[in-house]
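Containing compact mmCIF, C-alpha atoms: entry21.txt.
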```txt
# COMPACT_ATOMS: atom_id res chain seq x y z
CA MET A 1 6.01 -13.05 -23.97
CA SER A 2 2.78 -14.41 -22.46
CA ALA A 3 0.59 -13.87 -19.40
CA GLY A 4 -0.75 -17.38 -19.03
CA ASP A 5 -3.36 -17.93 -21.72
CA TRP A 6 -2.70 -14.76 -23.73
CA ALA A 7 0.23 -12.97 -25.35
CA VAL A 8 1.48 -9.60 -24.13
CA GLU A 9 2.60 -8.23 -27.53
CA PRO A 10 -0.92 -7.73 -29.04
CA LEU A 11 -2.04 -5.99 -25.85
CA ALA A 12 0.97 -3.68 -25.90
CA ALA A 13 0.41 -2.76 -29.55
CA TYR A 14 -3.23 -2.00 -28.79
CA LEU A 15 -2.48 0.13 -25.72
CA TRP A 16 0.13 2.16 -27.59
CA GLN A 17 -2.76 3.46 -29.68
CA VAL A 18 -5.47 4.03 -27.06
CA LEU A 19 -3.71 5.19 -23.87
CA PRO A 20 -1.03 7.87 -23.47
CA GLY A 21 2.14 6.98 -21.60
CA CYS A 22 2.25 3.42 -22.89
CA SER A 23 5.38 2.54 -24.83
CA GLY A 24 7.49 -0.57 -25.13
CA LEU A 25 6.49 -3.95 -23.74
CA PRO A 26 4.92 -3.90 -20.28
CA GLN A 27 5.61 -6.24 -17.42
CA VAL A 28 2.47 -8.27 -16.72
CA GLU A 29 1.83 -9.91 -13.35
CA ARG A 30 -1.23 -11.96 -12.39
CA ILE A 31 -2.66 -10.78 -9.07
CA SER A 32 -3.31 -13.68 -6.74
CA GLY A 33 -6.64 -14.00 -4.97
CA GLY A 34 -10.13 -15.41 -5.40
CA GLN A 35 -11.38 -13.12 -8.13
CA SER A 36 -13.42 -14.93 -10.75
CA ASN A 37 -12.38 -12.26 -13.25
CA PRO A 38 -8.59 -12.62 -13.73
CA THR A 39 -6.73 -9.46 -12.74
CA TYR A 40 -3.23 -8.31 -13.71
CA PHE A 41 -0.76 -5.53 -13.05
CA VAL A 42 0.34 -4.08 -16.41
CA THR A 43 3.43 -1.93 -15.86
CA PHE A 44 4.96 0.31 -18.52
CA PRO A 45 8.05 2.45 -17.80
CA GLU A 46 5.84 5.55 -17.54
CA ARG A 47 2.46 4.13 -16.53
CA ARG A 48 1.10 1.59 -14.05
CA LEU A 49 -2.23 -0.02 -14.88
CA VAL A 50 -4.54 -2.79 -13.69
CA LEU A 51 -6.26 -5.04 -16.23
CA ARG A 52 -9.37 -7.11 -15.53
CA LYS A 53 -10.68 -9.59 -18.05
CA GLN A 54 -13.19 -12.35 -18.43
CA PRO A 55 -11.89 -15.87 -17.84
CA PRO A 56 -11.43 -18.01 -20.96
CA GLY A 57 -13.95 -20.61 -22.06
CA ILE A 58 -17.73 -20.78 -22.34
CA LEU A 59 -19.48 -18.52 -19.82
CA LEU A 60 -23.04 -18.17 -18.61
CA PRO A 61 -24.76 -15.22 -20.33
CA SER A 62 -24.81 -12.93 -17.28
CA ALA A 63 -21.58 -14.11 -15.62
CA HIS A 64 -18.26 -12.22 -15.51
CA ALA A 65 -19.85 -9.05 -16.91
CA ILE A 66 -16.78 -6.85 -16.84
CA ASP A 67 -18.57 -4.31 -19.04
CA ARG A 68 -20.85 -3.70 -16.04
CA GLU A 69 -17.83 -3.34 -13.76
CA PHE A 70 -16.34 -0.74 -16.09
CA ARG A 71 -19.65 1.06 -16.38
CA VAL A 72 -20.19 1.43 -12.63
CA LEU A 73 -16.59 2.56 -12.04
CA ARG A 74 -16.93 5.20 -14.74
CA ALA A 75 -20.28 6.34 -13.35
CA LEU A 76 -18.93 6.71 -9.79
CA ASP A 77 -15.89 8.76 -10.83
CA GLY A 78 -16.19 12.19 -9.25
CA THR A 79 -19.06 11.28 -6.91
CA GLY A 80 -16.98 11.05 -3.73
CA VAL A 81 -17.11 7.26 -3.73
CA PRO A 82 -13.51 6.01 -3.55
CA VAL A 83 -12.93 4.02 -6.75
CA PRO A 84 -9.98 3.53 -9.12
CA GLU A 85 -10.14 5.57 -12.32
CA ALA A 86 -11.53 3.39 -15.11
CA LEU A 87 -9.58 4.19 -18.30
CA HIS A 88 -10.58 1.99 -21.23
CA PHE A 89 -12.87 -0.90 -22.11
CA CYS A 90 -12.15 -3.25 -25.02
CA GLU A 91 -14.66 -5.81 -26.27
CA ASP A 92 -12.43 -7.03 -29.12
CA ARG A 93 -11.59 -10.66 -28.30
CA ALA A 94 -8.76 -10.65 -30.82
CA ILE A 95 -6.47 -8.71 -28.46
CA ILE A 96 -6.15 -11.09 -25.48
CA GLY A 97 -8.92 -13.62 -26.09
CA THR A 98 -11.70 -12.01 -24.02
CA PRO A 99 -13.10 -8.53 -23.37
CA PHE A 100 -11.13 -6.54 -20.79
CA TYR A 101 -10.80 -3.14 -19.22
CA LEU A 102 -8.01 -1.10 -17.68
CA MET A 103 -7.93 1.15 -14.67
CA GLU A 104 -5.27 3.26 -13.00
CA ARG A 105 -3.17 1.37 -10.49
CA LEU A 106 -3.34 2.80 -6.99
CA GLU A 107 -0.75 2.31 -4.27
CA GLY A 108 -2.29 1.13 -1.04
CA ARG A 109 -2.90 -1.70 1.42
CA VAL A 110 -5.37 -4.56 1.05
CA PHE A 111 -6.18 -6.86 3.96
CA HIS A 112 -7.99 -10.17 3.83
CA ASP A 113 -8.01 -10.48 7.61
CA CYS A 114 -10.63 -8.42 9.48
CA THR A 115 -8.19 -7.87 12.38
CA LEU A 116 -5.95 -5.76 10.09
CA PRO A 117 -2.67 -7.45 11.12
CA GLY A 118 0.44 -5.31 11.11
CA VAL A 119 -1.54 -2.09 11.53
CA PRO A 120 -1.02 -0.01 14.70
CA ALA A 121 -3.95 -0.63 17.04
CA GLY A 122 -4.56 3.10 17.19
CA HIS A 123 -5.29 3.16 13.44
CA ARG A 124 -7.64 0.20 13.20
CA GLN A 125 -10.78 1.88 14.46
CA ALA A 126 -10.39 4.81 12.07
CA MET A 127 -9.79 2.40 9.17
CA VAL A 128 -12.93 0.36 9.83
CA LEU A 129 -15.07 3.45 10.38
CA SER A 130 -13.69 4.78 7.10
CA VAL A 131 -15.14 1.63 5.50
CA ALA A 132 -18.55 2.55 6.94
CA GLU A 133 -18.27 6.05 5.51
CA ALA A 134 -17.23 4.72 2.09
CA LEU A 135 -20.29 2.45 2.06
CA ALA A 136 -22.55 5.35 3.01
CA ALA A 137 -21.02 7.43 0.21
CA LEU A 138 -21.87 4.70 -2.28
CA HIS A 139 -25.45 4.45 -1.06
CA SER A 140 -25.80 8.24 -1.21
CA VAL A 141 -25.36 8.29 -4.99
CA GLN A 142 -28.62 8.57 -6.92
CA PRO A 143 -28.41 5.94 -9.68
CA GLN A 144 -30.34 8.05 -12.21
CA ALA A 145 -28.04 11.03 -11.61
CA VAL A 146 -24.97 9.08 -12.77
CA GLY A 147 -26.60 7.21 -15.65
CA LEU A 148 -27.24 3.97 -13.75
CA GLY A 149 -31.02 4.11 -13.53
CA ASP A 150 -31.20 0.92 -15.61
CA PHE A 151 -28.35 -0.89 -13.84
CA GLY A 152 -30.71 -3.39 -12.20
CA ARG A 153 -34.34 -4.37 -11.90
CA PRO A 154 -36.46 -1.95 -9.85
CA GLY A 155 -38.16 -3.07 -6.65
CA ASP A 156 -38.62 -6.38 -4.78
CA TYR A 157 -34.87 -6.77 -4.32
CA PHE A 158 -34.97 -9.03 -1.27
CA ALA A 159 -37.87 -11.09 -2.62
CA ARG A 160 -35.94 -11.79 -5.81
CA GLN A 161 -32.74 -12.54 -3.91
CA VAL A 162 -34.39 -14.94 -1.48
CA SER A 163 -36.01 -16.74 -4.41
CA ARG A 164 -32.71 -16.93 -6.31
CA TRP A 165 -30.67 -18.35 -3.44
CA SER A 166 -33.43 -20.73 -2.38
CA ARG A 167 -33.36 -22.11 -5.92
CA GLN A 168 -29.56 -22.34 -5.83
CA TRP A 169 -29.77 -24.32 -2.61
CA GLN A 170 -32.30 -26.76 -4.03
CA GLU A 171 -30.26 -27.31 -7.18
CA ASN A 172 -26.88 -27.73 -5.44
CA ARG A 173 -27.66 -29.28 -2.08
CA THR A 174 -25.48 -32.18 -1.00
CA ARG A 175 -27.28 -32.93 2.29
CA GLU A 176 -30.36 -32.31 4.36
CA ASP A 177 -30.37 -29.16 6.50
CA ALA A 178 -33.32 -28.25 8.73
CA ALA A 179 -31.91 -24.75 9.27
CA MET A 180 -31.92 -24.00 5.52
CA ASP A 181 -35.42 -25.41 5.19
CA ARG A 182 -36.57 -23.10 7.98
CA LEU A 183 -34.89 -20.07 6.38
CA ILE A 184 -36.41 -20.78 2.98
CA ASP A 185 -39.83 -20.81 4.66
CA TRP A 186 -39.26 -17.84 7.00
CA LEU A 187 -37.38 -15.27 4.91
CA PRO A 188 -39.95 -14.58 2.15
CA ARG A 189 -42.68 -14.08 4.77
CA HIS A 190 -40.68 -11.55 6.82
CA ILE A 191 -39.22 -9.13 4.29
CA PRO A 192 -39.39 -5.68 5.95
CA PRO A 193 -41.79 -3.25 4.26
CA GLY A 194 -40.57 -0.25 2.31
CA GLU A 195 -38.52 -0.05 -0.87
CA VAL A 196 -35.20 1.78 -0.86
CA GLN A 197 -32.98 1.47 -3.91
CA SER A 198 -29.35 2.38 -4.32
CA ILE A 199 -26.26 1.15 -6.08
CA VAL A 200 -25.08 -1.89 -4.13
CA HIS A 201 -21.63 -3.41 -4.35
CA GLY A 202 -22.71 -7.01 -3.78
CA ASP A 203 -19.52 -8.24 -2.06
CA PHE A 204 -18.74 -5.45 0.39
CA ARG A 205 -16.09 -6.82 2.77
CA ILE A 206 -12.71 -5.88 4.16
CA GLY A 207 -10.84 -7.77 1.40
CA ASN A 208 -12.35 -5.51 -1.25
CA MET A 209 -11.10 -2.30 0.40
CA MET A 210 -7.83 -0.59 -0.45
CA PHE A 211 -6.46 1.67 2.28
CA HIS A 212 -4.02 4.55 1.97
CA PRO A 213 -0.38 3.34 2.28
CA LYS A 214 0.02 5.12 5.63
CA GLU A 215 -3.18 6.93 6.58
CA PRO A 216 -6.15 5.11 8.16
CA ARG A 217 -8.67 5.64 5.35
CA VAL A 218 -10.15 3.85 2.36
CA ILE A 219 -8.85 5.06 -1.01
CA ALA A 220 -10.68 2.55 -3.23
CA ILE A 221 -13.47 0.00 -3.20
CA LEU A 222 -12.46 -2.90 -5.45
CA ASP A 223 -14.09 -5.80 -7.33
CA TRP A 224 -17.45 -4.56 -8.63
CA GLU A 225 -18.42 -7.79 -10.40
CA LEU A 226 -21.65 -8.21 -8.39
CA ALA A 227 -22.72 -4.55 -8.39
CA THR A 228 -26.36 -3.82 -9.23
CA LEU A 229 -29.31 -1.79 -8.00
CA GLY A 230 -30.68 -3.09 -4.75
CA HIS A 231 -31.35 -2.42 -1.09
CA PRO A 232 -28.49 -0.67 0.74
CA LEU A 233 -28.91 -2.82 3.86
CA ALA A 234 -27.82 -5.86 1.85
CA ASP A 235 -24.30 -4.39 1.69
CA LEU A 236 -24.33 -3.33 5.35
CA ALA A 237 -25.43 -6.81 6.48
CA HIS A 238 -22.86 -8.45 4.21
CA PHE A 239 -20.02 -6.55 5.90
CA SER A 240 -21.53 -7.09 9.36
CA MET A 241 -21.39 -10.88 8.97
CA ALA A 242 -17.78 -10.63 10.17
CA TYR A 243 -19.08 -9.69 13.62
CA VAL A 244 -21.25 -12.80 13.99
CA THR A 245 -18.91 -15.46 12.60
CA ALA A 246 -15.75 -16.83 14.20
CA PRO A 247 -12.17 -16.58 12.90
CA ASP A 248 -12.31 -20.19 11.66
CA GLU A 249 -15.63 -19.48 9.94
CA TYR A 250 -14.31 -17.57 6.93
CA GLY A 251 -12.29 -15.10 8.96
CA GLY A 252 -14.89 -13.58 11.27
CA LEU A 253 -14.40 -11.64 14.50
CA LEU A 254 -16.77 -13.44 16.86
CA GLY A 255 -15.09 -14.25 20.17
CA LEU A 256 -12.15 -11.86 19.71
CA ASP A 257 -11.41 -9.00 22.11
CA LEU A 258 -12.24 -6.12 19.76
CA ALA A 259 -11.34 -3.44 22.29
CA ARG A 260 -7.86 -4.91 22.72
CA LEU A 261 -7.44 -5.10 18.96
CA GLY A 262 -8.56 -1.49 18.57
CA LEU A 263 -11.53 -2.45 16.40
CA PRO A 264 -15.02 -0.93 16.59
CA GLY A 265 -17.91 -3.20 17.49
CA GLN A 266 -20.83 -3.94 15.22
CA ALA A 267 -23.08 -1.30 16.80
CA GLU A 268 -20.38 1.36 16.40
CA PHE A 269 -19.80 0.40 12.76
CA GLU A 270 -23.51 0.54 11.99
CA GLU A 271 -23.87 3.89 13.74
CA ALA A 272 -21.00 5.37 11.71
CA TYR A 273 -22.73 4.16 8.54
CA ARG A 274 -26.11 5.52 9.65
CA ARG A 275 -24.67 8.97 10.47
CA ALA A 276 -23.13 9.26 7.01
CA SER A 277 -26.01 7.68 5.06
CA PRO A 278 -29.00 9.66 3.75
CA HIS A 279 -31.40 6.77 4.33
CA GLY A 280 -31.40 6.55 8.14
CA LEU A 281 -31.77 2.77 7.97
CA SER A 282 -30.92 0.19 10.62
CA LEU A 283 -30.29 -3.52 10.28
CA GLN A 284 -33.09 -5.82 11.38
CA PRO A 285 -32.84 -9.56 12.11
CA PHE A 286 -34.12 -10.25 8.58
CA HIS A 287 -31.14 -8.53 6.96
CA MET A 288 -28.52 -10.43 8.92
CA ALA A 289 -30.39 -13.73 8.49
CA PHE A 290 -30.60 -13.10 4.74
CA ALA A 291 -26.88 -12.28 4.42
CA LEU A 292 -25.91 -15.47 6.26
CA PHE A 293 -28.47 -17.53 4.31
CA ARG A 294 -27.06 -16.26 1.03
CA TRP A 295 -23.56 -17.35 2.01
CA ALA A 296 -24.81 -20.70 3.24
CA ALA A 297 -26.19 -21.27 -0.26
CA ILE A 298 -22.92 -20.09 -1.84
CA PHE A 299 -20.86 -22.41 0.36
CA GLU A 300 -23.16 -25.31 -0.48
CA GLY A 301 -22.55 -24.65 -4.16
CA ILE A 302 -18.80 -24.90 -3.52
CA ALA A 303 -19.36 -28.20 -1.68
CA TYR A 304 -21.46 -29.47 -4.59
CA ARG A 305 -18.71 -28.69 -7.07
CA ALA A 306 -16.06 -30.18 -4.80
CA GLN A 307 -18.06 -33.39 -4.58
CA ARG A 308 -18.05 -33.58 -8.37
CA GLY A 309 -14.41 -32.57 -8.77
CA THR A 310 -15.18 -29.30 -10.57
CA ALA A 311 -14.37 -26.79 -7.82
CA ASN A 312 -11.58 -24.27 -8.47
CA ALA A 313 -10.54 -23.85 -4.83
CA GLY A 314 -8.22 -26.47 -3.39
CA ASN A 315 -9.95 -26.17 -0.02
CA ALA A 316 -13.45 -26.38 -1.52
CA ALA A 317 -14.52 -29.26 0.72
CA GLU A 318 -13.48 -27.34 3.85
CA ILE A 319 -15.27 -24.20 2.63
CA GLY A 320 -18.31 -26.28 1.84
CA ARG A 321 -18.73 -27.34 5.49
CA LEU A 322 -19.34 -23.69 6.33
CA SER A 323 -22.74 -23.91 4.67
CA ALA A 324 -24.20 -25.57 7.77
CA VAL A 325 -22.38 -23.12 10.07
CA PHE A 326 -23.78 -20.05 8.33
CA ALA A 327 -27.28 -21.54 8.11
CA ASN A 328 -27.30 -22.10 11.86
CA ARG A 329 -25.99 -18.59 12.49
CA ALA A 330 -28.84 -17.26 10.35
CA VAL A 331 -31.44 -19.17 12.34
CA ASP A 332 -30.07 -17.49 15.47
CA TYR A 333 -31.49 -14.23 14.09
CA LEU A 334 -35.05 -15.46 13.59
```

Let me see whether you can do it: turn the structure in this file into structure tokens.
Amino acid sequence: MSAGDWAVEPLAAYLWQVLPGCSGLPQVERISGGQSNPTYFVTFPERRLVLRKQPPGILLPSAHAIDREFRVLRALDGTGVPVPEALHFCEDRAIIGTPFYLMERLEGRVFHDCTLPGVPAGHRQAMVLSVAEALAALHSVQPQAVGLGDFGRPGDYFARQVSRWSRQWQENRTREDAAMDRLIDWLPRHIPPGEVQSIVHGDFRIGNMMFHPKEPRVIAILDWELATLGHPLADLAHFSMAYVTAPDEYGGLLGLDLARLGLPGQAEFEEAYRRASPHGLSLQPFHMAFALFRWAAIFEGIAYRAQRGTANAGNAAEIGRLSAVFANRAVDYL
């Protein structure tokens, strides 16, 4: 029996030894989605698990660091941050070809559409405000207190990020873009003063939330591949991009009747976060411009790879056009 590029039998034999409740051969199912770290349901008769592994092949040194994912999940267990229970990490490539880790499988709902289709309108506001509270809970954790004081470089988070994504743009650009040129000039000169450091998720969006099967609340934040130490407003701005981009611009909410849909507006979401957060911080134009600029650079990288025939996504060329859209949205904030 195989799960694509690896055999199930060696994994089963290994898990029989390291995790209770694992006997016989499990059913293994690849979870669809855009994760760069392949993810699988591993189901034994008496235990339901989720496995995340590195992709096969040669990887960049810092890419697909699932050991960091496992570490942050373990560290956040018991802190009040909703995360799945991380159970076991294995760095032995002989088992399934790459390092991997396992976590407990939770039963819940995951939405990749910000309008939360199929949910009663009366539940949607509570669900989105629960996201704000989950984010505040994450940013309330003191990294040193949970053993994550060395989880990222201290200080100058936005300066380093602006430099990184400016470099990515220059290396991957497929076209001229006056808006990106303006952002690359403006952003490093307008970083707000004051250093606040917390654990940041790095890709905090509705698609990485798992909600209770019936109740309007978050039960788990998923996909910690980009987690590090950084500025908490980077996560808040990342989520808030949905409010300033249209439905055909990577699934945003701009132009929709939020009241009719039962969804809170951006100001209400931010206020719910601020009430629950210990930092008392508010988004400034810089933070939104930076979040949009970052995604403009990411989309341009997808377009670059599509142009060369190396993109994974079948709609890479369409996604790539969003680079100009997000750059122009960012300039709106200057």

- request: Figure out the distance between CA of Glu225 in chain A and CA of His201 in chain A, please, to one decimal in Å.
  value: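 Atom-to-atom, CA of His201 in chain A and CA of Glu225 in chain A are spaced 8.1 Å apart.
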
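With only C-alpha atoms as the atoms that count, the residue of A:Val218, A:Ala296, A:Leu51, A:Cys22 with the shortest distance to Asp177 in chain A is A:Ala296.
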
6 Å contact set for Lys53 in chain A, all atoms listed in the file, chain neighbours under 3 positions out, as a PyMOL selection string = chain A and resi 37-38+99-100

Checklist entry - Do you know which residues are at most 10 Å from Pro247 in chain A counting only C-alpha atoms, after dropping those on the same chain fewer than 4 positions away, and could you put them as a PyMOL selection string? => result chain A and resi 113-115+242-243+251-256

What separates CA of Gly97 in chain A and CA of Ser23 in chain A is a distance of 21.6 Å

Notebook entry, point to check: Nearest to Trp6 in chain A among A:Ile95, A:Ile206, A:Val81, A:Ala86, with distances taken over all atoms listed in the file: which residue is it?
Noted result: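 Among the listed residues, the smallest separation from Trp6 in chain A belongs to A:Ile95.
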
Across A:Ile298, A:Ala237, A:Gln307, A:Ala65, the smallest distance to Gln266 in chain A, with all atoms listed in the file counted, is shown by A:Ala237

Figure out the distance between CA of Leu116 in chain A and CA of His212 in chain A, please, to one decimal in Å.
->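 These two atoms are separated by 13.3 Å.
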
Across A:Ala7, A:Ile31, A:Ile221, A:Ala306, the smallest distance to Ala132 in chain A, with all atoms listed in the file counted, is shown by A:Ile221

Give the answer as one residue: which of A:Ala13, A:Leu87, A:Met103, A:Leu292 has the shortest atom-to-atom distance to Thr245 in chain A, using only C-alpha atoms?
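Going through A:Ala13, A:Leu87, A:Met103, A:Leu292 one by one, the smallest distance to Thr245 in chain A is for A:Leu292.
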
For Pro188 in chain A, which residue out of A:Val162, A:Val200, A:Ala317, A:Ala220 is the nearest one, using all atoms listed in the file?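 Counting all atoms listed in the file, the residue closest to Pro188 in chain A is A:Val162.
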
Find the residues near range 151-159 of chain A: any atom within 9 Å, counting only C-alpha atoms, skip ones fewer than 2 places away on the same chain, and give them as a JSON list (two decimals) with C-alpha atoms, in the coordinates of the input.
```
[["chain", "number", "residue", "atom", "x", "y", "z"],
["A", 68, "ARG", "CA", -20.85, -3.70, -16.04],
["A", 72, "VAL", "CA", -20.19, 1.43, -12.63],
["A", 143, "PRO", "CA", -28.41, 5.94, -9.68],
["A", 147, "GLY", "CA", -26.60, 7.21, -15.65],
["A", 148, "LEU", "CA", -27.24, 3.97, -13.75],
["A", 149, "GLY", "CA", -31.02, 4.11, -13.53],
["A", 161, "GLN", "CA", -32.74, -12.54, -3.91],
["A", 162, "VAL", "CA", -34.39, -14.94, -1.48],
["A", 163, "SER", "CA", -36.01, -16.74, -4.41],
["A", 164, "ARG", "CA", -32.71, -16.93, -6.31],
["A", 187, "LEU", "CA", -37.38, -15.27, 4.91],
["A", 188, "PRO", "CA", -39.95, -14.58, 2.15],
["A", 191, "ILE", "CA", -39.22, -9.13, 4.29],
["A", 195, "GLU", "CA", -38.52, -0.05, -0.87],
["A", 196, "VAL", "CA", -35.20, 1.78, -0.86],
["A", 197, "GLN", "CA", -32.98, 1.47, -3.91],
["A", 199, "ILE", "CA", -26.26, 1.15, -6.08],
["A", 227, "ALA", "CA", -22.72, -4.55, -8.39],
["A", 228, "THR", "CA", -26.36, -3.82, -9.23],
["A", 229, "LEU", "CA", -29.31, -1.79, -8.00],
["A", 230, "GLY", "CA", -30.68, -3.09, -4.75],
["A", 231, "HIS", "CA", -31.35, -2.42, -1.09],
["A", 234, "ALA", "CA", -27.82, -5.86, 1.85],
["A", 290, "PHE", "CA", -30.60, -13.10, 4.74]]
```

Using only C-alpha atoms, find all polymer residues with an atom at most 10 Å away from the point (-4.2, 1.8, -0.5); report them as a ChimeraX atom specification. /A:106-111,209-221

Could you add whatever atoms are missing so that range 116-124 of chain A carries all heavy atoms, then write the result as a PDB file, in the coordinates of the input?
```pdb
ATOM      1  N   LEU A 116      -6.922  -6.717  10.638  1.00  0.00           N
ATOM      2  CA  LEU A 116      -5.950  -5.760  10.090  1.00  0.00           C
ATOM      3  C   LEU A 116      -4.562  -5.975  10.697  1.00  0.00           C
ATOM      4  O   LEU A 116      -3.984  -5.072  11.315  1.00  0.00           O
ATOM      5  CB  LEU A 116      -6.421  -4.321  10.313  1.00  0.00           C
ATOM      6  CG  LEU A 116      -7.810  -3.974   9.770  1.00  0.00           C
ATOM      7  CD1 LEU A 116      -8.176  -2.541  10.115  1.00  0.00           C
ATOM      8  CD2 LEU A 116      -7.878  -4.206   8.270  1.00  0.00           C
ATOM      9  N   PRO A 117      -3.975  -7.157  10.517  1.00  0.00           N
ATOM     10  CA  PRO A 117      -2.670  -7.450  11.120  1.00  0.00           C
ATOM     11  C   PRO A 117      -1.587  -6.518  10.595  1.00  0.00           C
ATOM     12  O   PRO A 117      -1.593  -6.107   9.433  1.00  0.00           O
ATOM     13  CB  PRO A 117      -2.412  -8.895  10.692  1.00  0.00           C
ATOM     14  CG  PRO A 117      -3.244  -9.101   9.473  1.00  0.00           C
ATOM     15  CD  PRO A 117      -4.466  -8.267   9.669  1.00  0.00           C
ATOM     16  N   GLY A 118      -0.667  -6.178  11.490  1.00  0.00           N
ATOM     17  CA  GLY A 118       0.440  -5.310  11.110  1.00  0.00           C
ATOM     18  C   GLY A 118       0.124  -3.835  11.178  1.00  0.00           C
ATOM     19  O   GLY A 118       1.014  -2.998  11.001  1.00  0.00           O
ATOM     20  N   VAL A 119      -1.135  -3.491  11.444  1.00  0.00           N
ATOM     21  CA  VAL A 119      -1.540  -2.090  11.530  1.00  0.00           C
ATOM     22  C   VAL A 119      -1.496  -1.660  13.001  1.00  0.00           C
ATOM     23  O   VAL A 119      -1.921  -2.419  13.884  1.00  0.00           O
ATOM     24  CB  VAL A 119      -2.981  -1.916  10.985  1.00  0.00           C
ATOM     25  CG1 VAL A 119      -3.497  -0.504  11.241  1.00  0.00           C
ATOM     26  CG2 VAL A 119      -3.008  -2.232   9.501  1.00  0.00           C
ATOM     27  N   PRO A 120      -0.991  -0.472  13.305  1.00  0.00           N
ATOM     28  CA  PRO A 120      -1.020  -0.010  14.700  1.00  0.00           C
ATOM     29  C   PRO A 120      -2.449  -0.033  15.242  1.00  0.00           C
ATOM     30  O   PRO A 120      -3.393   0.378  14.556  1.00  0.00           O
ATOM     31  CB  PRO A 120      -0.481   1.422  14.608  1.00  0.00           C
ATOM     32  CG  PRO A 120       0.330   1.447  13.356  1.00  0.00           C
ATOM     33  CD  PRO A 120      -0.349   0.507  12.408  1.00  0.00           C
ATOM     34  N   ALA A 121      -2.603  -0.520  16.464  1.00  0.00           N
ATOM     35  CA  ALA A 121      -3.950  -0.630  17.040  1.00  0.00           C
ATOM     36  C   ALA A 121      -4.674   0.702  17.036  1.00  0.00           C
ATOM     37  O   ALA A 121      -5.901   0.751  16.872  1.00  0.00           O
ATOM     38  CB  ALA A 121      -3.855  -1.194  18.464  1.00  0.00           C
ATOM     39  N   GLY A 122      -3.937   1.787  17.179  1.00  0.00           N
ATOM     40  CA  GLY A 122      -4.560   3.100  17.190  1.00  0.00           C
ATOM     41  C   GLY A 122      -5.135   3.513  15.852  1.00  0.00           C
ATOM     42  O   GLY A 122      -5.919   4.481  15.787  1.00  0.00           O
ATOM     43  N   HIS A 123      -4.774   2.833  14.770  1.00  0.00           N
ATOM     44  CA  HIS A 123      -5.290   3.160  13.440  1.00  0.00           C
ATOM     45  C   HIS A 123      -6.490   2.308  13.043  1.00  0.00           C
ATOM     46  O   HIS A 123      -7.238   2.677  12.135  1.00  0.00           O
ATOM     47  CB  HIS A 123      -4.197   2.957  12.388  1.00  0.00           C
ATOM     48  CG  HIS A 123      -3.205   4.071  12.319  1.00  0.00           C
ATOM     49  ND1 HIS A 123      -2.333   4.239  11.268  1.00  0.00           N
ATOM     50  CD2 HIS A 123      -2.941   5.090  13.177  1.00  0.00           C
ATOM     51  CE1 HIS A 123      -1.572   5.296  11.479  1.00  0.00           C
ATOM     52  NE2 HIS A 123      -1.921   5.822  12.634  1.00  0.00           N
ATOM     53  N   ARG A 124      -6.661   1.174  13.688  1.00  0.00           N
ATOM     54  CA  ARG A 124      -7.640   0.200  13.200  1.00  0.00           C
ATOM     55  C   ARG A 124      -9.070   0.726  13.269  1.00  0.00           C
ATOM     56  O   ARG A 124      -9.854   0.512  12.348  1.00  0.00           O
ATOM     57  CB  ARG A 124      -7.501  -1.109  13.968  1.00  0.00           C
ATOM     58  CG  ARG A 124      -6.228  -1.866  13.643  1.00  0.00           C
ATOM     59  CD  ARG A 124      -6.073  -3.102  14.488  1.00  0.00           C
ATOM     60  NE  ARG A 124      -4.801  -3.764  14.214  1.00  0.00           N
ATOM     61  CZ  ARG A 124      -4.178  -4.547  15.064  1.00  0.00           C
ATOM     62  NH1 ARG A 124      -4.711  -4.794  16.266  1.00  0.00           N
ATOM     63  NH2 ARG A 124      -3.031  -5.111  14.746  1.00  0.00           N
TER      64      ARG A 124
END
```
